[in-house]
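As provided, structure32.txt (compact mmCIF, C-alpha atoms and all ligand atoms) reads as follows.
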```txt
# COMPACT_ATOMS: atom_id res chain seq x y z
CA MET A 1 177.08 124.63 141.59
CA ARG A 2 174.27 122.10 141.54
CA LEU A 3 172.79 123.08 138.15
CA GLN A 4 175.92 124.25 136.32
CA ASN A 5 175.14 124.82 132.62
CA LYS A 6 171.68 123.23 132.92
CA ASN A 7 168.73 124.84 131.15
CA VAL A 8 165.60 125.20 133.28
CA VAL A 9 162.06 126.32 132.36
CA ILE A 10 159.83 127.65 135.15
CA THR A 11 156.17 128.52 134.53
CA GLY A 12 154.54 131.10 136.79
CA GLY A 13 158.06 132.39 137.34
CA ALA A 14 157.22 136.05 137.88
CA SER A 15 156.03 135.75 141.48
CA GLY A 16 156.16 133.80 144.73
CA ILE A 17 157.46 130.22 144.59
CA GLY A 18 158.26 130.46 140.87
CA LEU A 19 160.37 133.59 141.21
CA ALA A 20 162.23 132.19 144.24
CA SER A 21 162.96 129.07 142.17
CA VAL A 22 164.22 131.14 139.24
CA ILE A 23 166.65 132.89 141.58
CA ARG A 24 167.86 129.68 143.30
CA CYS A 25 168.49 128.01 139.91
CA LEU A 26 170.47 131.01 138.68
CA GLU A 27 172.51 130.97 141.92
CA GLU A 28 173.32 127.31 141.22
CA GLY A 29 174.69 127.98 137.74
CA ALA A 30 171.66 127.36 135.49
CA ASN A 31 170.27 129.29 132.56
CA VAL A 32 166.60 129.91 133.28
CA VAL A 33 163.59 130.62 131.11
CA LEU A 34 161.25 132.60 133.35
CA SER A 35 157.81 132.07 131.84
CA ASP A 36 154.59 133.74 132.92
CA LEU A 37 151.57 135.59 131.54
CA ALA A 38 152.28 138.37 129.03
CA GLY A 39 151.04 141.09 131.39
CA SER A 40 153.04 139.87 134.41
CA GLU A 41 156.18 141.31 136.00
CA GLY A 42 158.13 138.48 134.37
CA ALA A 43 159.90 140.49 131.68
CA ALA A 44 161.15 143.04 134.22
CA ARG A 45 162.26 140.34 136.69
CA ALA A 46 164.15 138.44 133.97
CA ALA A 47 165.87 141.62 132.77
CA GLU A 48 167.07 142.29 136.35
CA LEU A 49 168.34 138.74 136.79
CA ASP A 50 169.89 138.08 133.36
CA GLY A 51 173.65 137.60 133.82
CA LYS A 52 173.56 138.57 137.52
CA HIS A 53 174.80 135.13 138.60
CA GLY A 54 176.56 134.32 135.31
CA GLY A 55 173.70 132.45 133.62
CA ARG A 56 171.05 133.66 131.20
CA CYS A 57 167.58 134.58 132.43
CA LEU A 58 165.13 134.89 129.53
CA PHE A 59 161.48 135.86 129.78
CA LYS A 60 159.00 134.02 127.60
CA ALA A 61 155.32 134.86 127.81
CA CYS A 62 153.12 131.78 128.01
CA ASP A 63 149.60 131.15 129.25
CA VAL A 64 149.53 127.48 130.27
CA THR A 65 145.88 127.19 129.19
CA ASP A 66 146.97 127.65 125.56
CA THR A 67 148.56 124.57 123.96
CA ALA A 68 150.14 126.53 121.10
CA GLN A 69 151.81 128.93 123.55
CA VAL A 70 153.12 126.06 125.69
CA ASP A 71 154.51 124.19 122.67
CA ARG A 72 156.14 127.41 121.41
CA LEU A 73 157.73 128.04 124.82
CA PHE A 74 159.59 124.73 124.62
CA GLU A 75 160.45 124.96 120.91
CA GLU A 76 161.95 128.43 121.40
CA THR A 77 163.85 127.34 124.50
CA VAL A 78 165.50 124.46 122.66
CA ASN A 79 166.32 126.66 119.69
CA GLU A 80 167.93 129.32 121.90
CA LEU A 81 169.54 127.28 124.70
CA GLY A 82 170.03 123.87 123.03
CA SER A 83 168.27 121.66 125.60
CA VAL A 84 165.69 121.56 128.39
CA ASP A 85 167.18 119.80 131.41
CA ALA A 86 164.59 120.64 134.07
CA VAL A 87 161.09 122.09 134.22
CA PHE A 88 159.08 123.48 137.13
CA SER A 89 155.40 123.37 136.17
CA ASN A 90 154.49 125.89 138.83
CA ALA A 91 151.89 128.25 137.33
CA GLY A 92 148.71 128.16 139.35
CA ILE A 93 145.84 130.12 140.84
CA GLY A 94 143.95 129.80 144.11
CA GLY A 95 140.24 129.68 144.66
CA VAL A 96 138.26 129.63 147.90
CA ALA A 97 134.47 129.43 147.68
CA PRO A 98 131.66 127.18 148.89
CA SER A 99 130.96 124.63 146.17
CA HIS A 100 127.25 125.37 145.84
CA LYS A 101 128.18 128.91 144.75
CA VAL A 102 130.90 127.96 142.24
CA SER A 103 129.99 128.41 138.56
CA ASP A 104 131.06 126.05 135.78
CA GLU A 105 133.39 128.79 134.52
CA GLU A 106 135.13 129.21 137.89
CA PHE A 107 135.53 125.46 138.41
CA LEU A 108 136.80 124.80 134.91
CA ARG A 109 139.24 127.73 134.99
CA ILE A 110 141.00 126.40 138.09
CA ILE A 111 141.18 122.91 136.58
CA ASP A 112 142.41 124.30 133.25
CA ILE A 113 145.31 126.21 134.79
CA ASN A 114 146.24 124.01 137.76
CA LEU A 115 145.80 120.55 136.19
CA ASN A 116 145.42 120.73 132.41
CA GLY A 117 148.22 123.31 132.27
CA VAL A 118 150.54 120.91 134.08
CA PHE A 119 149.75 118.22 131.48
CA ARG A 120 150.33 120.60 128.55
CA VAL A 121 153.71 121.61 129.96
CA ALA A 122 154.75 118.02 130.68
CA ARG A 123 153.74 116.87 127.19
CA ALA A 124 155.79 119.56 125.50
CA ALA A 125 158.77 118.89 127.78
CA LEU A 126 158.63 115.12 127.27
CA ARG A 127 158.80 115.51 123.49
CA ILE A 128 162.12 117.26 123.93
CA MET A 129 163.45 115.22 126.85
CA TYR A 130 162.76 111.88 125.12
CA GLY A 131 165.00 113.05 122.28
CA GLN A 132 167.70 113.97 124.78
CA GLY A 133 167.29 110.76 126.82
CA SER A 134 167.33 112.84 130.01
CA GLY A 135 165.45 115.47 131.97
CA SER A 136 163.56 116.20 135.17
CA ILE A 137 159.99 117.51 135.31
CA VAL A 138 158.65 118.84 138.61
CA ASN A 139 154.95 119.63 139.01
CA CYS A 140 153.53 121.90 141.67
CA ALA A 141 150.89 120.09 143.72
CA SER A 142 149.86 121.08 147.26
CA ILE A 143 148.92 119.69 150.64
CA LEU A 144 145.45 119.92 149.07
CA GLY A 145 146.54 117.23 146.62
CA LYS A 146 146.71 114.82 149.55
CA PHE A 147 144.00 116.20 151.87
CA GLY A 148 140.69 117.87 151.19
CA GLN A 149 139.69 121.21 152.68
CA SER A 150 136.30 122.94 152.77
CA ASN A 151 135.63 125.54 150.08
CA THR A 152 138.48 124.43 147.82
CA ALA A 153 136.80 121.75 145.67
CA ALA A 154 138.23 122.78 142.31
CA TYR A 155 141.70 123.53 143.70
CA SER A 156 141.82 120.27 145.69
CA ALA A 157 140.57 118.27 142.69
CA ALA A 158 143.22 119.85 140.46
CA LYS A 159 146.06 119.28 142.93
CA GLY A 160 144.97 115.70 143.65
CA GLY A 161 145.02 115.25 139.88
CA VAL A 162 148.56 116.61 139.72
CA VAL A 163 149.76 114.06 142.31
CA ASN A 164 148.43 111.11 140.30
CA LEU A 165 149.28 112.63 136.91
CA THR A 166 152.84 112.80 138.21
CA ARG A 167 152.86 109.09 139.07
CA ALA A 168 151.46 108.08 135.67
CA LEU A 169 153.88 110.30 133.75
CA ALA A 170 156.81 109.04 135.82
CA LEU A 171 156.06 105.43 134.84
CA GLU A 172 155.85 106.33 131.15
CA ALA A 173 158.98 108.46 131.19
CA ALA A 174 161.29 106.28 133.30
CA PRO A 175 162.37 103.95 130.45
CA LYS A 176 163.35 107.05 128.44
CA GLY A 177 165.63 108.42 131.16
CA VAL A 178 163.25 111.19 132.24
CA ARG A 179 162.10 111.69 135.84
CA VAL A 180 158.76 113.25 136.87
CA ASN A 181 158.06 114.35 140.44
CA ALA A 182 155.88 116.83 142.28
CA ILE A 183 156.19 119.18 145.21
CA GLY A 184 153.43 119.54 147.78
CA PRO A 185 153.77 122.87 149.56
CA GLY A 186 151.91 123.73 152.74
CA TYR A 187 150.67 127.32 153.03
CA ILE A 188 153.47 129.52 151.75
CA ASP A 189 153.77 133.27 152.23
CA THR A 190 153.19 134.47 148.63
CA PRO A 191 150.70 136.75 146.85
CA LEU A 192 148.49 133.67 146.22
CA ILE A 193 147.29 133.66 149.83
CA ALA A 194 147.72 137.37 150.63
CA ASP A 195 143.96 138.06 150.47
CA LEU A 196 142.91 135.35 152.91
CA ASP A 197 140.92 136.52 155.91
CA LYS A 198 143.17 137.08 158.99
CA ASP A 199 141.29 134.61 161.23
CA LEU A 200 141.44 131.94 158.52
CA MET A 201 145.16 132.63 158.07
CA ASN A 202 145.80 132.17 161.81
CA ALA A 203 143.82 128.94 161.78
CA LEU A 204 145.83 127.71 158.80
CA ILE A 205 149.13 128.60 160.47
CA ALA A 206 148.07 126.59 163.51
CA MET A 207 147.59 123.53 161.27
CA HIS A 208 151.34 123.49 160.49
CA PRO A 209 153.21 121.73 163.33
CA LEU A 210 156.20 124.02 162.71
CA GLY A 211 153.87 126.90 163.64
CA ARG A 212 154.34 129.27 160.72
CA LEU A 213 153.81 129.74 156.99
CA GLY A 214 156.52 128.44 154.68
CA ARG A 215 158.79 130.71 152.66
CA ALA A 216 158.97 130.57 148.87
CA GLU A 217 162.73 129.87 149.10
CA GLU A 218 162.02 126.74 151.15
CA VAL A 219 159.92 125.37 148.29
CA ALA A 220 162.50 126.49 145.75
CA ASN A 221 165.12 124.41 147.58
CA GLY A 222 162.91 121.34 147.11
CA PHE A 223 162.65 122.08 143.40
CA LEU A 224 166.43 122.41 143.22
CA PHE A 225 166.83 118.92 144.71
CA LEU A 226 164.32 117.34 142.32
CA ALA A 227 165.70 119.21 139.30
CA SER A 228 169.33 118.25 139.96
CA ASP A 229 171.18 114.94 139.77
CA GLU A 230 171.07 114.78 143.59
CA SER A 231 167.62 113.17 143.13
CA SER A 232 168.75 110.79 140.35
CA PHE A 233 166.88 107.78 141.90
CA VAL A 234 163.69 109.72 142.69
CA THR A 235 160.69 109.57 140.36
CA GLY A 236 156.90 109.49 140.71
CA THR A 237 156.93 110.99 144.18
CA THR A 238 155.43 114.13 145.73
CA LEU A 239 157.87 115.83 148.08
CA MET A 240 155.87 117.50 150.84
CA ILE A 241 157.29 120.85 151.96
CA ASP A 242 154.61 121.63 154.47
CA GLY A 243 155.95 122.20 157.98
CA GLY A 244 154.49 118.83 159.00
CA PHE A 245 150.91 119.65 157.86
CA THR A 246 150.35 116.22 156.30
CA ALA A 247 152.12 114.26 159.06
CA GLY A 248 148.88 113.95 161.01
CA LYS A 249 147.33 115.54 164.07
CA SER A 250 149.40 116.12 167.21
N1 LIG B 301 151.24 129.88 148.30
C1 LIG B 301 150.74 128.77 148.80
O1 LIG B 301 150.31 128.70 149.96
C2 LIG B 301 150.73 127.51 147.96
C3 LIG B 301 150.48 126.30 148.60
C4 LIG B 301 150.46 125.12 147.86
C5 LIG B 301 150.69 125.17 146.49
N2 LIG B 301 150.92 126.36 145.90
C6 LIG B 301 151.14 126.35 144.44
O2 LIG B 301 152.36 126.98 144.15
C7 LIG B 301 152.32 127.47 142.80
C8 LIG B 301 152.84 128.91 142.82
O3 LIG B 301 152.00 129.68 143.63
P1 LIG B 301 152.48 130.98 144.42
O4 LIG B 301 152.02 130.83 145.81
O5 LIG B 301 153.90 131.27 144.13
O6 LIG B 301 151.48 132.04 143.73
P2 LIG B 301 151.74 133.46 142.99
O7 LIG B 301 150.37 133.99 142.77
O8 LIG B 301 152.73 134.26 143.75
O9 LIG B 301 152.40 133.02 141.60
C9 LIG B 301 151.68 132.30 140.63
C10 LIG B 301 152.17 132.72 139.25
O10 LIG B 301 151.47 131.94 138.28
C11 LIG B 301 151.16 132.82 137.21
N3 LIG B 301 150.00 132.32 136.45
C12 LIG B 301 148.69 132.34 136.81
N4 LIG B 301 147.94 131.85 135.82
C13 LIG B 301 148.77 131.52 134.81
C14 LIG B 301 148.59 130.98 133.51
N5 LIG B 301 147.37 130.69 133.04
N6 LIG B 301 149.68 130.75 132.74
C15 LIG B 301 150.91 131.05 133.20
N7 LIG B 301 151.16 131.59 134.42
C16 LIG B 301 150.09 131.81 135.20
C17 LIG B 301 150.86 134.16 137.86
O11 LIG B 301 150.96 135.23 136.93
C18 LIG B 301 151.90 134.21 138.95
O12 LIG B 301 153.09 134.85 138.54
C19 LIG B 301 150.87 127.32 142.35
O13 LIG B 301 150.75 126.17 141.55
C20 LIG B 301 150.11 127.12 143.66
O14 LIG B 301 148.91 126.41 143.49
C21 LIG B 301 150.96 127.54 146.59
```
Now that the file is in, can you turn its structure into structure tokens?
Ligand SMILES: NC(=O)c1ccc[n+]([C@@H]2O[C@H](COP(=O)([O-])OP(=O)(O)OC[C@H]3O[C@@H](n4cnc5c(N)ncnc54)[C@H](O)[C@@H]3O)[C@@H](O)[C@H]2O)c1
Amino acid sequence: MRLQNKNVVITGGASGIGLASVIRCLEEGANVVLSDLAGSEGAARAAELDGKHGGRCLFKACDVTDTAQVDRLFEETVNELGSVDAVFSNAGIGGVAPSHKVSDEEFLRIIDINLNGVFRVARAALRIMYGQGSGSIVNCASILGKFGQSNTAAYSAAKGGVVNLTRALALEAAPKGVRVNAIGPGYIDTPLIADLDKDLMNALIAMHPLGRLGRAEEVANGFLFLASDESSFVTGTTLMIDGGFTAGKS
């Protein structure tokens, strides 16, 4: 059991990569706080999973755009479980549109969830982890944090921000015994990309040298590594889980 008795918080845990990560952590002996929007499937998923693998699975509603909700998520977790050992700052939304048609509201919303939300979560976690002298924070970036792509300006800007935010936080946190890393998924078969046009989807698949979309469980396994002591000498990095997408052109 790679996370035996560890307490893990996962934002955006009701669906896709987040839900797969919740399940993998429970399978590895952790207690998990599955956090997501109040109206999500999160409460039902957590109720199904609580105790199934031995550990607790608690749902806590939290919108990562709301500082008070994020701070409360961590305060309540510490009060109920005693510590926060690992965090997956995974909540995010997509957004595909040509930039000249994107409104201020649309641009700022993607940045507020996908970048500012990651900072809010990290800040709240660091306050607790500094007191503990230990912890691992994992932020969800993307291949679009390392490469640009047409019609994804806000998303790419946010994910590029997450990659460098992760480096800066890692340097601050290292002397306090806390590690901060990111994961950079390629295109993963989740509800986030379910509405993409079929021709675009086929073109995107062809950009992955392994010739397929990734599975949420494959990203969850990367989170498991970064969350656990197996990665005890890893900080400030972005682990690409992208079927070779960012390796270059063949
Ligand atoms: N699927 C992909 O191809 C892909 C590729 C690279 C990166 N990612 C990243 O992976 C992460 C998870 O995406 P996914 O593919 O599992 O998508 P998903 O849509 O299946 O899950 C995202 C979850 O985030 C939650 N969420 C949205 N806004 C929120 C908010 N304001 N506060 C709290 N929770 C919120 C949603 O309710 C949902 O449960 C995201 O950060 C996404 O950008 C996904």
Could you report the residues within 7 Å of ligand LIG 301 (chain B), using only C-alpha atoms and all ligand atoms, as a compact mmCIF listing (two decimals) with C-alpha atoms, keeping the file's coordinate frame?
```txt
# COMPACT_ATOMS: atom_id res chain seq x y z
CA THR A 11 156.17 128.52 134.53
CA GLY A 12 154.54 131.10 136.79
CA GLY A 13 158.06 132.39 137.34
CA ALA A 14 157.22 136.05 137.88
CA SER A 15 156.03 135.75 141.48
CA GLY A 16 156.16 133.80 144.73
CA ILE A 17 157.46 130.22 144.59
CA GLY A 18 158.26 130.46 140.87
CA ASP A 36 154.59 133.74 132.92
CA LEU A 37 151.57 135.59 131.54
CA SER A 40 153.04 139.87 134.41
CA CYS A 62 153.12 131.78 128.01
CA ASP A 63 149.60 131.15 129.25
CA VAL A 64 149.53 127.48 130.27
CA THR A 65 145.88 127.19 129.19
CA ASN A 90 154.49 125.89 138.83
CA ALA A 91 151.89 128.25 137.33
CA GLY A 92 148.71 128.16 139.35
CA ILE A 93 145.84 130.12 140.84
CA GLY A 94 143.95 129.80 144.11
CA ILE A 113 145.31 126.21 134.79
CA ASN A 114 146.24 124.01 137.76
CA CYS A 140 153.53 121.90 141.67
CA ALA A 141 150.89 120.09 143.72
CA SER A 142 149.86 121.08 147.26
CA ILE A 143 148.92 119.69 150.64
CA GLY A 184 153.43 119.54 147.78
CA PRO A 185 153.77 122.87 149.56
CA GLY A 186 151.91 123.73 152.74
CA TYR A 187 150.67 127.32 153.03
CA ILE A 188 153.47 129.52 151.75
CA ASP A 189 153.77 133.27 152.23
CA THR A 190 153.19 134.47 148.63
CA PRO A 191 150.70 136.75 146.85
CA LEU A 192 148.49 133.67 146.22
CA ILE A 193 147.29 133.66 149.83
CA ALA A 216 158.97 130.57 148.87
```
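For the choices A:Pro209, A:Gly243, A:Gly51, A:Gly236, the atom-to-atom distance to A:Ala168 is smallest for A:Gly236 when using only C-alpha atoms.
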**OP:** Could you give me, as a PyMOL selection string, the residues within 6 Å of stretch 155-161 of chain A, counting all atoms listed in the file and dropping anything in the same chain fewer than 3 positions from it?
**Re:** chain A and resi 111+114-115+141+144-145+152+164-165
Subject >> Given only C-alpha atoms as the counted atoms, nearest of A:Phe245, A:Phe147, A:Tyr130, A:Phe119 to A:Asp66 >> reply: A:Phe119
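Using only C-alpha atoms, the shortest contact distance between A:Glu27 and any of A:Arg127, A:Lys6, A:His53, A:Arg45 is found at A:His53.
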Subject >> Atomic separation - atom CA of A:Glu217 relative to atom CA of A:Arg120, Å >> reply: 25.7 Å
Can you report as JSON the centre and edge lengths in Å, to one decimal, of an axis-aligned box around the listed atoms of stretch 57-60 of chain A padded with 5 Å on each side?
```
{"center_x": 163.3, "center_y": 134.9, "center_z": 130.0, "size_x": 18.6, "size_y": 11.8, "size_z": 14.8}
```
Subject >> Proximity to A:Gly82 - best of A:Leu226, A:Asn7, A:Ala61, A:Leu34, all atoms listed in the file >> reply: A:Asn7
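Separating atom CA of A:Asn202 from atom CA of A:Asn139 is a distance of 27.6 Å.
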Output: stretch 47-58 of chain A of the preceding structure, restricted to all heavy atoms, written as a CSV table (one decimal), in the first residue's frame.
```csv
chain,number,residue,atom,x,y,z
A,47,ALA,N,-20.0,8.7,-1.5
A,47,ALA,CA,-20.8,7.8,-0.7
A,47,ALA,C,-20.6,6.3,-1.2
A,47,ALA,O,-20.5,5.4,-0.4
A,47,ALA,CB,-22.2,8.1,-0.8
A,48,GLU,N,-20.4,6.1,-2.5
A,48,GLU,CA,-20.2,4.8,-3.0
A,48,GLU,C,-18.8,4.2,-2.6
A,48,GLU,O,-18.7,3.0,-2.4
A,48,GLU,CB,-20.2,4.8,-4.6
A,48,GLU,CG,-21.5,4.9,-5.3
A,48,GLU,CD,-21.3,5.3,-6.8
A,48,GLU,OE1,-20.2,5.2,-7.3
A,48,GLU,OE2,-22.3,5.8,-7.3
A,49,LEU,N,-17.8,5.1,-2.5
A,49,LEU,CA,-16.5,4.7,-2.3
A,49,LEU,C,-16.0,4.7,-0.9
A,49,LEU,O,-15.0,4.0,-0.5
A,49,LEU,CB,-15.5,5.7,-3.1
A,49,LEU,CG,-15.6,5.6,-4.6
A,49,LEU,CD1,-14.9,6.8,-5.3
A,49,LEU,CD2,-14.9,4.3,-5.1
A,50,ASP,N,-16.8,5.4,0.0
A,50,ASP,CA,-16.4,5.4,1.4
A,50,ASP,C,-16.3,4.0,2.0
A,50,ASP,O,-17.3,3.3,2.0
A,50,ASP,CB,-17.4,6.3,2.2
A,50,ASP,CG,-16.9,6.6,3.6
A,50,ASP,OD1,-15.7,6.7,3.8
A,50,ASP,OD2,-17.8,6.7,4.5
A,51,GLY,N,-15.2,3.7,2.5
A,51,GLY,CA,-15.0,2.4,3.2
A,51,GLY,C,-14.8,1.2,2.3
A,51,GLY,O,-14.4,0.1,2.7
A,52,LYS,N,-15.0,1.4,0.9
A,52,LYS,CA,-14.9,0.2,0.0
A,52,LYS,C,-13.6,-0.4,0.0
A,52,LYS,O,-13.4,-1.6,-0.2
A,52,LYS,CB,-15.3,0.8,-1.4
A,52,LYS,CG,-15.5,-0.3,-2.4
A,52,LYS,CD,-16.0,0.2,-3.7
A,52,LYS,CE,-16.0,-0.8,-4.8
A,52,LYS,NZ,-16.2,-0.3,-6.1
A,53,HIS,N,-12.5,0.4,0.2
A,53,HIS,CA,-11.2,-0.2,0.2
A,53,HIS,C,-10.5,0.0,1.6
A,53,HIS,O,-9.3,-0.1,1.7
A,53,HIS,CB,-10.3,0.6,-0.9
A,53,HIS,CG,-10.8,0.5,-2.3
A,53,HIS,ND1,-10.6,-0.7,-3.0
A,53,HIS,CD2,-11.6,1.3,-3.0
A,53,HIS,CE1,-11.2,-0.5,-4.2
A,53,HIS,NE2,-11.8,0.7,-4.2
A,54,GLY,N,-11.4,0.3,2.5
A,54,GLY,CA,-10.9,0.4,3.9
A,54,GLY,C,-10.8,1.8,4.4
A,54,GLY,O,-11.1,2.1,5.5
A,55,GLY,N,-10.4,2.7,3.5
A,55,GLY,CA,-10.2,4.1,3.9
A,55,GLY,C,-11.5,5.0,3.8
A,55,GLY,O,-12.4,4.5,3.1
A,56,ARG,N,-11.4,6.1,4.4
A,56,ARG,CA,-12.6,7.1,4.3
A,56,ARG,C,-12.5,7.8,2.9
A,56,ARG,O,-11.5,8.1,2.4
A,56,ARG,CB,-12.5,8.2,5.4
A,56,ARG,CG,-12.4,7.7,6.8
A,56,ARG,CD,-13.7,7.0,7.2
A,56,ARG,NE,-14.9,7.7,6.8
A,56,ARG,CZ,-15.5,8.7,7.4
A,56,ARG,NH1,-14.9,9.2,8.5
A,56,ARG,NH2,-16.6,9.3,7.0
A,57,CYS,N,-13.7,8.0,2.4
A,57,CYS,CA,-13.9,8.9,1.2
A,57,CYS,C,-15.0,9.9,1.5
A,57,CYS,O,-16.1,9.6,1.6
A,57,CYS,CB,-14.2,8.1,-0.1
A,57,CYS,SG,-14.2,9.2,-1.5
A,58,LEU,N,-14.5,11.2,1.8
A,58,LEU,CA,-15.5,12.2,2.2
A,58,LEU,C,-15.7,13.2,1.0
A,58,LEU,O,-14.7,13.6,0.4
A,58,LEU,CB,-14.9,13.0,3.4
A,58,LEU,CG,-14.3,12.2,4.5
A,58,LEU,CD1,-13.7,13.2,5.5
A,58,LEU,CD2,-15.5,11.5,5.2
```
